[in-house]
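Asker: For reference, this is structure.txt, and it has compact mmCIF, C-alpha atoms and all ligand atoms.
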# COMPACT_ATOMS: atom_id res chain seq x y z
CA MET A 1 121.70 112.15 101.58
CA SER A 2 119.51 114.26 103.87
CA ASN A 3 115.76 114.60 103.56
CA THR A 4 115.72 118.31 102.73
CA ASP A 5 112.72 118.33 100.35
CA SER A 6 109.76 119.14 102.58
CA THR A 7 107.24 118.68 99.77
CA ARG A 8 107.79 115.05 98.66
CA LEU A 9 107.00 112.19 101.01
CA ARG A 10 109.93 109.74 101.10
CA ILE A 11 109.18 106.04 101.67
CA ALA A 12 111.88 103.42 102.25
CA ILE A 13 111.15 99.97 100.87
CA GLN A 14 113.27 96.85 100.45
CA LYS A 15 115.18 96.95 97.17
CA SER A 16 115.06 93.21 96.56
CA GLY A 17 114.06 90.31 98.73
CA ARG A 18 111.03 88.83 100.40
CA LEU A 19 109.26 92.10 101.13
CA SER A 20 110.05 94.03 97.96
CA ASP A 21 107.36 92.66 95.60
CA GLU A 22 104.57 92.97 98.17
CA SER A 23 105.68 96.47 99.20
CA GLN A 24 105.62 97.63 95.58
CA ALA A 25 102.30 95.89 94.91
CA LEU A 26 100.75 97.62 97.92
CA LEU A 27 101.89 101.06 96.75
CA LYS A 28 100.85 100.37 93.15
CA GLY A 29 97.47 99.26 94.49
CA CYS A 30 97.19 102.74 96.05
CA GLY A 31 97.49 104.27 92.58
CA LEU A 32 101.20 105.18 92.68
CA LYS A 33 102.85 105.02 89.25
CA ILE A 34 106.14 103.35 90.05
CA ASN A 35 108.93 102.60 87.62
CA LEU A 36 111.77 100.80 89.33
CA ALA A 37 113.31 99.41 86.15
CA ASP A 38 116.61 101.23 86.55
CA ARG A 39 116.90 100.31 90.24
CA ARG A 40 118.15 103.71 91.40
CA LEU A 41 118.45 104.46 95.11
CA LEU A 42 115.76 107.13 94.89
CA SER A 43 112.86 106.70 92.51
CA HIS A 44 110.27 109.42 91.83
CA VAL A 45 106.63 108.38 91.74
CA ALA A 46 105.30 109.89 88.50
CA ASN A 47 101.79 110.89 89.58
CA MET A 48 102.18 111.82 93.27
CA PRO A 49 104.73 113.86 95.25
CA ILE A 50 106.31 110.71 96.67
CA ASP A 51 109.85 109.30 96.36
CA LEU A 52 110.75 105.70 97.04
CA MET A 53 114.13 104.89 98.56
CA LEU A 54 115.21 101.38 97.59
CA VAL A 55 117.45 99.93 100.25
CA ARG A 56 118.25 96.82 102.25
CA SER A 57 115.60 95.88 104.75
CA SER A 58 118.07 96.18 107.61
CA ASP A 59 118.71 99.85 106.75
CA ILE A 60 115.04 100.86 106.86
CA PRO A 61 114.52 101.26 110.65
CA GLY A 62 117.55 103.56 110.94
CA LEU A 63 116.52 105.65 107.92
CA VAL A 64 113.12 106.30 109.50
CA MET A 65 114.40 106.76 113.07
CA ASP A 66 116.96 109.29 111.80
CA GLY A 67 114.35 111.16 109.73
CA ILE A 68 116.06 110.44 106.39
CA CYS A 69 112.84 108.76 105.25
CA ASP A 70 109.34 109.73 106.35
CA LEU A 71 107.86 106.23 106.10
CA GLY A 72 109.23 102.72 105.79
CA ILE A 73 107.95 99.23 105.12
CA VAL A 74 109.90 96.67 107.15
CA GLY A 75 109.47 93.42 109.07
CA ASP A 76 108.73 93.70 112.80
CA ASN A 77 111.74 91.44 113.40
CA THR A 78 114.18 93.83 111.70
CA LEU A 79 112.55 96.82 113.33
CA GLU A 80 112.63 95.48 116.86
CA GLU A 81 116.16 94.08 116.55
CA HIS A 82 117.36 97.51 115.41
CA GLU A 83 115.43 99.25 118.18
CA LEU A 84 116.93 96.99 120.86
CA GLU A 85 120.41 97.59 119.48
CA ARG A 86 120.00 101.36 119.53
CA VAL A 87 118.58 101.36 123.03
CA LEU A 88 121.55 99.28 124.17
CA LYS A 89 123.93 101.84 122.68
CA GLY A 90 121.98 104.70 124.27
CA GLU A 91 120.89 106.02 120.85
CA SER A 92 117.41 107.33 120.05
CA ALA A 93 115.10 104.74 118.52
CA ASP A 94 111.83 106.55 117.95
CA TYR A 95 109.25 105.62 115.33
CA ASP A 96 105.49 105.28 115.06
CA LYS A 97 104.10 102.00 113.83
CA ILE A 98 101.13 103.10 111.74
CA LEU A 99 99.89 99.80 110.38
CA SER A 100 100.55 96.09 110.40
CA LEU A 101 100.52 95.12 106.74
CA LYS A 102 99.46 91.47 106.73
CA PHE A 103 102.30 90.20 104.55
CA GLY A 104 105.83 88.96 105.22
CA GLY A 105 104.54 86.80 108.05
CA CYS A 106 107.13 84.60 109.76
CA ARG A 107 108.35 83.50 113.18
CA LEU A 108 111.77 83.72 114.78
CA SER A 109 112.48 80.32 116.26
CA ILE A 110 115.20 78.34 117.93
CA ALA A 111 115.99 75.11 116.10
CA LEU A 112 118.24 72.21 117.06
CA PRO A 113 119.60 69.18 115.19
CA GLU A 114 116.92 66.46 114.98
CA GLU A 115 118.92 64.08 117.15
CA MET A 116 119.49 66.55 119.96
CA GLU A 117 117.33 66.06 123.06
CA TYR A 118 114.96 68.89 123.97
CA THR A 119 112.83 68.75 127.11
CA GLY A 120 111.95 72.42 127.53
CA VAL A 121 113.45 75.89 127.44
CA LYS A 122 115.92 75.09 130.24
CA SER A 123 117.61 72.47 128.05
CA LEU A 124 118.77 75.36 125.84
CA ASP A 125 120.84 76.82 128.70
CA GLY A 126 124.51 77.18 127.79
CA LEU A 127 124.11 76.28 124.12
CA ARG A 128 125.92 78.12 121.34
CA LEU A 129 123.36 79.47 118.85
CA ALA A 130 123.93 81.06 115.47
CA THR A 131 121.61 83.96 114.62
CA THR A 132 121.10 87.19 112.72
CA TYR A 133 118.99 88.48 115.62
CA PRO A 134 121.22 88.52 118.74
CA ARG A 135 119.20 91.22 120.55
CA LEU A 136 115.84 89.45 120.20
CA LEU A 137 117.50 86.18 121.20
CA ASN A 138 119.15 87.84 124.20
CA ARG A 139 115.82 89.24 125.34
CA PHE A 140 114.31 85.76 125.17
CA ALA A 141 117.25 84.38 127.18
CA GLU A 142 116.83 87.04 129.88
CA GLU A 143 113.05 86.51 130.07
CA ASN A 144 113.62 82.78 130.57
CA GLY A 145 116.59 82.97 132.93
CA ILE A 146 118.97 81.17 130.59
CA LYS A 147 122.25 82.05 128.87
CA PHE A 148 123.39 81.44 125.31
CA GLU A 149 126.69 81.75 123.59
CA MET A 150 125.99 83.68 120.38
CA CYS A 151 127.48 83.36 116.96
CA GLN A 152 126.22 86.22 114.78
CA LEU A 153 125.79 85.40 111.08
CA ASN A 154 124.12 87.48 108.39
CA GLY A 155 123.19 84.60 106.09
CA SER A 156 123.14 80.79 105.78
CA VAL A 157 122.40 80.52 109.50
CA GLU A 158 120.85 77.07 108.97
CA VAL A 159 124.18 75.44 108.06
CA ALA A 160 125.94 76.57 111.26
CA PRO A 161 125.29 73.36 113.28
CA ARG A 162 126.38 71.12 110.39
CA VAL A 163 129.73 72.85 109.99
CA GLY A 164 130.39 72.93 113.72
CA LEU A 165 129.90 76.68 114.21
CA ALA A 166 127.04 76.30 116.69
CA ASP A 167 124.86 73.77 118.53
CA GLY A 168 121.67 75.22 117.09
CA ILE A 169 120.22 78.26 115.41
CA CYS A 170 117.72 81.05 115.96
CA ASP A 171 116.33 82.06 112.57
CA LEU A 172 113.22 83.11 110.69
CA VAL A 173 110.87 80.32 109.66
CA SER A 174 107.86 80.47 107.39
CA THR A 175 107.12 77.04 105.88
CA GLY A 176 109.74 75.13 107.89
CA ALA A 177 111.21 73.61 104.69
CA THR A 178 114.68 75.11 105.24
CA LEU A 179 114.90 73.65 108.74
CA GLU A 180 113.77 70.24 107.50
CA ALA A 181 116.25 70.27 104.61
CA ASN A 182 119.05 70.93 107.09
CA GLY A 183 118.07 68.26 109.61
CA LEU A 184 116.85 70.78 112.20
CA LYS A 185 113.73 70.78 114.40
CA GLU A 186 111.95 73.90 115.64
CA VAL A 187 111.86 73.80 119.44
CA ALA A 188 110.91 77.31 120.59
CA GLU A 189 109.20 80.19 118.85
CA ILE A 190 110.51 83.43 120.31
CA TYR A 191 108.92 86.11 118.14
CA ARG A 192 106.20 86.55 115.49
CA SER A 193 106.61 89.08 112.72
CA LYS A 194 104.78 90.74 109.85
CA ALA A 195 105.66 93.66 107.64
CA ALA A 196 104.77 97.03 109.15
CA LEU A 197 104.38 100.59 107.94
CA ILE A 198 106.40 102.91 110.16
CA LYS A 199 106.71 106.68 110.32
CA ARG A 200 109.31 109.06 111.70
CA THR A 201 108.25 110.77 114.91
CA ASP A 202 109.76 114.23 114.49
CA GLY A 203 106.81 115.69 112.59
CA LEU A 204 106.03 116.07 108.91
CA SER A 205 105.72 119.31 106.96
CA ASP A 206 102.15 120.32 106.11
CA GLU A 207 102.68 119.24 102.49
CA LYS A 208 103.91 115.77 103.52
CA GLN A 209 101.12 115.36 106.07
CA THR A 210 98.59 116.13 103.31
CA ILE A 211 100.13 113.42 101.09
CA LEU A 212 100.06 110.96 103.99
CA ASN A 213 96.42 111.82 104.67
CA THR A 214 95.64 110.73 101.10
CA LEU A 215 97.91 107.68 101.09
CA LEU A 216 96.91 106.11 104.40
CA PRO A 217 93.20 105.51 103.67
CA ARG A 218 94.25 104.06 100.30
CA ILE A 219 96.64 101.61 101.98
CA GLN A 220 93.91 100.63 104.44
CA GLY A 221 91.53 100.23 101.50
CA VAL A 222 93.92 97.92 99.64
CA LEU A 223 94.49 95.79 102.76
CA LYS A 224 90.78 95.58 103.49
CA ALA A 225 89.97 94.69 99.88
CA ARG A 226 92.57 91.90 99.89
CA GLU A 227 90.83 90.01 102.64
CA SER A 228 87.29 90.80 101.54
CA LYS A 229 85.13 88.98 99.03
CA TYR A 230 82.01 89.99 97.13
CA ILE A 231 79.48 87.19 97.39
CA MET A 232 76.43 86.76 95.16
CA LEU A 233 73.93 83.95 95.41
CA HIS A 234 70.33 83.01 94.83
CA ALA A 235 68.47 82.01 98.00
CA PRO A 236 65.00 80.78 98.95
CA LYS A 237 63.09 83.81 100.26
CA ASP A 238 61.86 81.96 103.36
CA LYS A 239 65.45 81.01 104.39
CA LEU A 240 66.89 84.51 104.05
CA ASN A 241 67.66 84.99 107.77
CA GLU A 242 69.45 81.64 108.00
CA VAL A 243 71.40 82.37 104.80
CA VAL A 244 72.57 85.79 106.03
CA ALA A 245 73.53 84.34 109.43
CA LEU A 246 75.95 81.97 107.69
CA MET A 247 77.92 84.73 105.98
CA PRO A 248 81.07 85.65 107.95
CA GLY A 249 81.78 89.33 108.68
CA THR A 250 79.15 90.74 106.37
CA GLU A 251 77.40 94.07 106.41
CA THR A 252 73.65 94.35 105.68
CA PRO A 253 73.06 92.35 102.49
CA THR A 254 71.51 93.71 99.33
CA VAL A 255 68.45 91.61 98.49
CA LEU A 256 67.11 91.82 94.94
CA PRO A 257 64.07 90.20 93.28
CA LEU A 258 64.63 87.57 90.60
CA ALA A 259 62.74 87.74 87.32
CA GLU A 260 59.73 85.43 87.28
CA ARG A 261 60.54 83.93 90.71
CA ASP A 262 58.48 84.92 93.76
CA ASP A 263 60.01 82.27 96.01
CA ARG A 264 63.71 83.15 95.44
CA VAL A 265 65.86 86.31 95.74
CA ALA A 266 69.39 87.36 94.78
CA VAL A 267 71.61 88.21 97.78
CA HIS A 268 74.76 90.35 97.42
CA VAL A 269 77.14 90.86 100.38
CA VAL A 270 80.70 91.97 101.09
CA SER A 271 82.37 89.50 103.43
CA THR A 272 85.44 90.68 105.32
CA GLU A 273 86.49 87.23 106.48
CA THR A 274 87.72 84.08 104.78
CA PHE A 275 84.86 82.39 102.98
CA PHE A 276 85.23 78.65 103.41
CA TRP A 277 84.05 75.81 101.17
CA GLU A 278 82.15 74.48 104.21
CA THR A 279 80.05 77.66 104.31
CA MET A 280 79.25 77.27 100.61
CA GLU A 281 78.17 73.69 101.26
CA GLN A 282 75.92 74.81 104.13
CA LEU A 283 74.40 77.46 101.85
CA THR A 284 73.73 74.82 99.22
CA ASP A 285 72.06 72.66 101.89
CA LEU A 286 69.75 75.61 102.65
CA GLY A 287 68.71 75.63 98.99
CA CYS A 288 70.99 78.36 97.66
CA ASN A 289 72.48 78.16 94.18
CA SER A 290 74.53 80.25 91.72
CA ILE A 291 76.95 81.05 94.56
CA LEU A 292 79.76 83.32 93.34
CA VAL A 293 82.68 84.44 95.52
CA MET A 294 84.70 87.22 93.89
CA PRO A 295 87.81 89.20 94.82
CA ILE A 296 87.52 92.94 95.44
CA GLU A 297 90.12 95.30 93.99
CA LYS A 298 89.56 98.48 96.02
CA MET A 299 87.43 99.51 99.01
CA MET A 300 86.77 102.80 100.73
CA GLY A 301 84.29 104.04 103.28
O1 LIG B 1 117.14 93.40 102.68
P1 LIG B 1 118.09 92.73 103.64
O2 LIG B 1 119.08 91.87 102.93
O3 LIG B 1 118.67 93.67 104.64
O4 LIG B 1 117.17 91.80 104.59
P2 LIG B 1 117.00 90.24 104.68
O5 LIG B 1 118.28 89.54 104.42
O6 LIG B 1 116.31 89.96 105.99
O7 LIG B 1 116.01 90.01 103.47
P3 LIG B 1 114.97 88.88 103.17
O8 LIG B 1 114.42 89.26 101.86
O9 LIG B 1 115.53 87.52 103.35
O10 LIG B 1 113.86 89.05 104.33
C1 LIG B 1 113.16 90.24 104.47
C2 LIG B 1 112.08 90.07 105.52
O11 LIG B 1 111.12 89.12 105.06
C3 LIG B 1 112.53 89.51 106.85
O12 LIG B 1 113.14 90.49 107.67
C4 LIG B 1 111.21 89.02 107.44
O13 LIG B 1 110.52 90.09 108.03
C5 LIG B 1 110.45 88.56 106.19
N1 LIG B 1 110.41 87.09 106.03
C6 LIG B 1 109.26 86.36 105.98
C7 LIG B 1 111.44 86.25 105.93
C8 LIG B 1 110.90 84.96 105.82
N2 LIG B 1 109.55 85.06 105.84
C9 LIG B 1 111.78 83.82 105.67
N3 LIG B 1 111.29 82.69 105.59
N4 LIG B 1 112.78 86.44 105.89
C10 LIG B 1 113.60 85.38 105.73
N5 LIG B 1 113.15 84.09 105.62
C11 LIG B 1 114.19 83.05 105.37
C12 LIG B 1 114.79 82.47 106.67
O14 LIG B 1 115.84 83.29 107.12
C13 LIG B 1 115.27 81.10 106.19
O15 LIG B 1 116.48 81.20 105.51
O16 LIG B 1 113.63 81.95 104.69
C14 LIG B 1 114.21 80.73 105.18
C15 LIG B 1 113.14 79.92 105.88
O17 LIG B 1 111.99 79.83 105.08
P4 LIG B 1 111.09 78.50 105.11
O18 LIG B 1 109.90 78.80 104.27
O19 LIG B 1 111.93 77.40 104.52
O20 LIG B 1 110.73 78.23 106.54
Would you mind writing the structure in this file as structure tokens?
Ligand code: PRT
Answerer:
Amino acid sequence: MSNTDSTRLRIAIQKSGRLSDESQALLKGCGLKINLADRRLLSHVANMPIDLMLVRSSDIPGLVMDGICDLGIVGDNTLEEHELERVLKGESADYDKILSLKFGGCRLSIALPEEMEYTGVKSLDGLRLATTYPRLLNRFAEENGIKFEMCQLNGSVEVAPRVGLADGICDLVSTGATLEANGLKEVAEIYRSKAALIKRTDGLSDEKQTILNTLLPRIQGVLKARESKYIMLHAPKDKLNEVVALMPGTETPTVLPLAERDDRVAVHVVSTETFFWETMEQLTDLGCNSILVMPIEKMMG
């Protein structure tokens, strides 16, 4: 299937798996009407000239690098593994990373059986490791002057030591529960990953560029809104400076009078950082009350 339609922007997203729900939610948050009920390979967005290609995560870097898709949402780990593999084969591996998307966070780590001694990176020298990411693991080995024997697996990597396939593993970790359940300990983190929005490098038609120019600020708006909060509170007028100084990442606050109160004001601010309970407690200590912290759905400008 070649990307011959120069008028509809084609975005590759994971069909099902850890990134698929968040990828869809992000695009829906940008106003795209998506109906993926029938799970076709190519799904038309009803209200914008955009098509979604629903594929395996591991196919996304190649689809974008080869210009079959204009954009893709994929984990840095998958992207960089694919890039290293192409470079090794002498193939082109061009893409632009437009945005880091702040979901799908994980680390690629080496893990060994609990009982195995580990005294530093050098103690990994000569081990046989099972992994889905041989290129990233190889790069780590070269950077650290050590050698591994590799056993490439595309799933159930964590059982490899137990069944005698390998001494240890190099796999993605998020909570660490899978390692623990399989009697493994994380000994070296070799890579950190998040989902990324990538774009082909060979140029977009004017029509597609126009669609991207609309979509990109919306994506940035959704991401910004997700980590921002709208905060409202009542504060003593004479403590206003101290109150505002406590708010993390805020712009100039809106200060409003309160009916029948000369000594107190209402303060409204947008905070772009995590708003901790400790901050609310400090605000209370300053005499603030009616403190409300609310999520924001969309932001622009
Ligand atoms: O779509 P395709 O089948 O090609 O890709 P895939 O098999 O990599 O799909 P999927 O859905 O498993 O992962 C998609 C992407 O999600 C990965 O490429 C990462 O960028 C990201 N991601 C984030 C993770 C994890 N967290 C994660 N924890 N991918 C996999 N895991 C697995 C890990 O392999 C291990 O089995 O979860 C287990 C460990 O999780 P914890 O929480 O027990 O530590």
Asker: Residues around (111.0, 80.0, 111.0), cut-off 8 Å, counting all atoms listed in the file - what are they as a compact mmCIF listing (two decimals) with C-alpha atoms, in the frame of the given file?
Answerer:
# COMPACT_ATOMS: atom_id res chain seq x y z
CA CYS A 106 107.13 84.60 109.76
CA ARG A 107 108.35 83.50 113.18
CA LEU A 108 111.77 83.72 114.78
CA SER A 109 112.48 80.32 116.26
CA ASP A 171 116.33 82.06 112.57
CA LEU A 172 113.22 83.11 110.69
CA VAL A 173 110.87 80.32 109.66
CA SER A 174 107.86 80.47 107.39
CA THR A 175 107.12 77.04 105.88
CA GLY A 176 109.74 75.13 107.89
CA LEU A 179 114.90 73.65 108.74
CA GLU A 186 111.95 73.90 115.64
Asker: When you count all atoms listed in the file, which of these residues is closest to Leu153 of chain A: A:Ile11, A:Ile169, A:Met299, A:Met48?
Answerer: A:Ile169
Asker: List as a tab-separated table every residue of chain A that is in contact with ligand LIG 1 (chain B), defined as an atom at most 9 Å from one of its atoms (using only C-alpha atoms and all ligand atoms), together with the nearest atom pair and the distance in Å rounded to one decimal, sorted by chain and then rising number.
Answerer:
residue	atom	partner	partner_atom	distance
A:Gln14	CA	B:LIG1	O1	5.6
A:Lys15	CA	B:LIG1	O1	6.8
A:Ser16	CA	B:LIG1	O1	6.5
A:Gly17	CA	B:LIG1	O8	3.3
A:Arg18	CA	B:LIG1	O8	3.7
A:Leu19	CA	B:LIG1	O11	5.3
A:Ser20	CA	B:LIG1	O8	7.6
A:Val55	CA	B:LIG1	O1	7.0
A:Arg56	CA	B:LIG1	O1	3.6
A:Ser57	CA	B:LIG1	O1	3.6
A:Ser58	CA	B:LIG1	O3	3.9
A:Asp59	CA	B:LIG1	O3	6.5
A:Ile60	CA	B:LIG1	O3	8.4
A:Val74	CA	B:LIG1	O13	6.7
A:Gly75	CA	B:LIG1	O13	3.6
A:Asp76	CA	B:LIG1	O13	6.2
A:Asn77	CA	B:LIG1	O13	5.7
A:Thr78	CA	B:LIG1	O12	5.3
A:Leu79	CA	B:LIG1	O12	8.5
A:Phe103	CA	B:LIG1	C6	8.1
A:Gly104	CA	B:LIG1	C6	4.4
A:Gly105	CA	B:LIG1	C6	5.2
A:Cys106	CA	B:LIG1	N2	4.6
A:Arg107	CA	B:LIG1	N2	7.6
A:Leu108	CA	B:LIG1	O14	8.7
A:Thr132	CA	B:LIG1	O14	8.6
A:Asn154	CA	B:LIG1	O5	7.4
A:Gly155	CA	B:LIG1	O5	7.2
A:Ser156	CA	B:LIG1	O15	6.7
A:Val157	CA	B:LIG1	O15	7.2
A:Glu158	CA	B:LIG1	O15	6.9
A:Asp171	CA	B:LIG1	O14	5.6
A:Leu172	CA	B:LIG1	C12	4.4
A:Val173	CA	B:LIG1	O20	3.8
A:Ser174	CA	B:LIG1	O20	3.7
A:Thr175	CA	B:LIG1	O18	3.7
A:Gly176	CA	B:LIG1	O20	3.5
A:Ala177	CA	B:LIG1	O19	3.9
A:Thr178	CA	B:LIG1	O19	3.7
A:Leu179	CA	B:LIG1	O19	6.4
A:Glu180	CA	B:LIG1	O19	8.0
A:Ala181	CA	B:LIG1	O19	8.3
A:Ser193	CA	B:LIG1	O13	6.2
A:Lys194	CA	B:LIG1	O13	6.1
A:Ala195	CA	B:LIG1	O13	6.0
Asker: When distances are computed from all atoms listed in the file, which of A:Glu260, A:Thr272, A:Gly221, A:Leu283 shows the smallest separation from Pro236 of chain A?
Answerer: A:Leu283
Asker: Give one line per residue of segment 187-216 of chain A that approaches segment 116-125 of chain A to at most 12 Å, naming the two atoms of the closest pair and their distance in Å to one decimal, counting only C-alpha atoms; sort by chain then ascending residue number and deliver it as a tab-separated table.
Answerer:
residue	atom	partner	partner_atom	distance
A:Val187	CA	A:Tyr118	CA	7.4
A:Ala188	CA	A:Val121	CA	7.4
A:Glu189	CA	A:Val121	CA	10.5
A:Ile190	CA	A:Val121	CA	10.8
Asker: Find the residues around Arg261 of chain A up to 12 Å (all atoms listed in the file counted), leave out those fewer than 2 positions away in its own chain, and share them as a ChimeraX atom specification.
Answerer: /A:234-237,256-259,263-266
Asker: If you count all atoms listed in the file, which residues fall within 10 Å of Gly62 of chain A, apart from same-chain ones fewer than 2 positions away, as a VMD selection string?
Answerer: chain A and resid 58 to 60 64 to 69 72 79 82 to 83 86 92 to 95 200
Asker: Those same residues - C-alpha atoms - I'd like them written as a compact mmCIF listing (two decimals), keeping the file's coordinate frame.
Answerer:
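Result file is part-v3.txt:
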# COMPACT_ATOMS: atom_id res chain seq x y z
CA SER A 58 118.07 96.18 107.61
CA ASP A 59 118.71 99.85 106.75
CA ILE A 60 115.04 100.86 106.86
CA VAL A 64 113.12 106.30 109.50
CA MET A 65 114.40 106.76 113.07
CA ASP A 66 116.96 109.29 111.80
CA GLY A 67 114.35 111.16 109.73
CA ILE A 68 116.06 110.44 106.39
CA CYS A 69 112.84 108.76 105.25
CA GLY A 72 109.23 102.72 105.79
CA LEU A 79 112.55 96.82 113.33
CA HIS A 82 117.36 97.51 115.41
CA GLU A 83 115.43 99.25 118.18
CA ARG A 86 120.00 101.36 119.53
CA SER A 92 117.41 107.33 120.05
CA ALA A 93 115.10 104.74 118.52
CA ASP A 94 111.83 106.55 117.95
CA TYR A 95 109.25 105.62 115.33
CA ARG A 200 109.31 109.06 111.70
Asker: Residues at most 10 Å from Ile98 of chain A, counting only C-alpha atoms, excluding those fewer than 4 positions away in the same chain, as a list of chain:residue names?
Answerer: A:Leu71, A:Ala196, A:Leu197, A:Ile198, A:Lys199, A:Leu216
Asker: Residues near Thr7 of chain A, anyone? I mean within 10 Å using all atoms listed in the file, not counting same-chain ones fewer than 5 positions away, as a PyMOL selection string.
Answerer: chain A and resi 49-50+204-211
Asker: How would the residues just picked look written out with C-alpha atoms as an mmCIF file, keeping the file's coordinate frame?
Answerer:
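What follows is the written file part_29.cif:
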data_model
loop_
_atom_site.group_PDB
_atom_site.id
_atom_site.type_symbol
_atom_site.label_atom_id
_atom_site.label_comp_id
_atom_site.auth_asym_id
_atom_site.auth_seq_id
_atom_site.Cartn_x
_atom_site.Cartn_y
_atom_site.Cartn_z
ATOM 1 C CA PRO A 49 104.730 113.860 95.250
ATOM 2 C CA ILE A 50 106.310 110.710 96.670
ATOM 3 C CA LEU A 204 106.030 116.070 108.910
ATOM 4 C CA SER A 205 105.720 119.310 106.960
ATOM 5 C CA ASP A 206 102.150 120.320 106.110
ATOM 6 C CA GLU A 207 102.680 119.240 102.490
ATOM 7 C CA LYS A 208 103.910 115.770 103.520
ATOM 8 C CA GLN A 209 101.120 115.360 106.070
ATOM 9 C CA THR A 210 98.590 116.130 103.310
ATOM 10 C CA ILE A 211 100.130 113.420 101.090
#
Asker: With all atoms listed in the file as the atoms that count, which of A:Asn289, A:Arg218, A:Arg226, A:Asn241 lies nearest to Val270 of chain A?
Answerer: A:Arg226
Asker: Determine the nearest neighbour of Glu80 of chain A from the options A:Lys102, A:Arg139, A:Lys28, A:Arg128, counting all atoms listed in the file.
Answerer: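 Of the candidates, the smallest distance to Glu80 of chain A is held by A:Arg139.
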Asker: With only C-alpha atoms counted, which protein, DNA or RNA residues have an atom no more than 6 Å from (116.8, 91.9, 118.2) in the file frame? Please answer as a compact mmCIF listing (two decimals) with C-alpha atoms, in the frame of the given file.
Answerer:
# COMPACT_ATOMS: atom_id res chain seq x y z
CA GLU A 80 112.63 95.48 116.86
CA GLU A 81 116.16 94.08 116.55
CA LEU A 84 116.93 96.99 120.86
CA TYR A 133 118.99 88.48 115.62
CA PRO A 134 121.22 88.52 118.74
CA ARG A 135 119.20 91.22 120.55
CA LEU A 136 115.84 89.45 120.20
Asker: Would you kindly return, as a list in words, each protein, DNA or RNA residue with an atom no farther than 9 Å from any atom of Tyr230 of chain A, considering all atoms listed in the file and excluding same-chain residues fewer than 4 positions away?
Answerer: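 Counting only the stated atoms, we get His268, Val269, Val270, Ser271, Thr272, Leu292, Val293, Met294, Pro295 and Ile296 of chain A.
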Asker: Some atoms are missing, so please complete segment 290-294 of chain A with all heavy atoms and return it as a PDB file, in the coordinates of the input.
Answerer:
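Okay, out-v4.pdb is ready:
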ATOM      1  N   SER A 290      73.809  79.172  92.424  1.00  0.00           N
ATOM      2  CA  SER A 290      74.530  80.250  91.720  1.00  0.00           C
ATOM      3  C   SER A 290      75.404  81.057  92.690  1.00  0.00           C
ATOM      4  O   SER A 290      75.411  82.288  92.683  1.00  0.00           O
ATOM      5  CB  SER A 290      73.558  81.196  91.010  1.00  0.00           C
ATOM      6  OG  SER A 290      72.751  80.490  90.118  1.00  0.00           O
ATOM      7  N   ILE A 291      76.123  80.353  93.547  1.00  0.00           N
ATOM      8  CA  ILE A 291      76.950  81.050  94.560  1.00  0.00           C
ATOM      9  C   ILE A 291      78.269  81.486  93.922  1.00  0.00           C
ATOM     10  O   ILE A 291      79.041  80.649  93.441  1.00  0.00           O
ATOM     11  CB  ILE A 291      77.230  80.135  95.778  1.00  0.00           C
ATOM     12  CG1 ILE A 291      75.916  79.578  96.337  1.00  0.00           C
ATOM     13  CG2 ILE A 291      78.009  80.886  96.850  1.00  0.00           C
ATOM     14  CD1 ILE A 291      76.082  78.517  97.405  1.00  0.00           C
ATOM     15  N   LEU A 292      78.511  82.784  93.907  1.00  0.00           N
ATOM     16  CA  LEU A 292      79.760  83.320  93.340  1.00  0.00           C
ATOM     17  C   LEU A 292      80.531  84.038  94.434  1.00  0.00           C
ATOM     18  O   LEU A 292      79.964  84.854  95.162  1.00  0.00           O
ATOM     19  CB  LEU A 292      79.479  84.302  92.207  1.00  0.00           C
ATOM     20  CG  LEU A 292      78.689  83.793  91.003  1.00  0.00           C
ATOM     21  CD1 LEU A 292      78.495  84.919  89.993  1.00  0.00           C
ATOM     22  CD2 LEU A 292      79.421  82.628  90.343  1.00  0.00           C
ATOM     23  N   VAL A 293      81.823  83.751  94.557  1.00  0.00           N
ATOM     24  CA  VAL A 293      82.680  84.440  95.520  1.00  0.00           C
ATOM     25  C   VAL A 293      83.776  85.137  94.720  1.00  0.00           C
ATOM     26  O   VAL A 293      84.575  84.479  94.049  1.00  0.00           O
ATOM     27  CB  VAL A 293      83.306  83.434  96.524  1.00  0.00           C
ATOM     28  CG1 VAL A 293      84.194  84.160  97.535  1.00  0.00           C
ATOM     29  CG2 VAL A 293      82.212  82.655  97.245  1.00  0.00           C
ATOM     30  N   MET A 294      83.794  86.470  94.771  1.00  0.00           N
ATOM     31  CA  MET A 294      84.700  87.220  93.890  1.00  0.00           C
ATOM     32  C   MET A 294      85.643  88.128  94.667  1.00  0.00           C
ATOM     33  O   MET A 294      85.258  88.697  95.689  1.00  0.00           O
ATOM     34  CB  MET A 294      83.885  88.073  92.922  1.00  0.00           C
ATOM     35  CG  MET A 294      83.148  87.216  91.906  1.00  0.00           C
ATOM     36  SD  MET A 294      81.911  88.157  91.033  1.00  0.00           S
ATOM     37  CE  MET A 294      80.726  88.397  92.305  1.00  0.00           C
TER      38      MET A 294
END
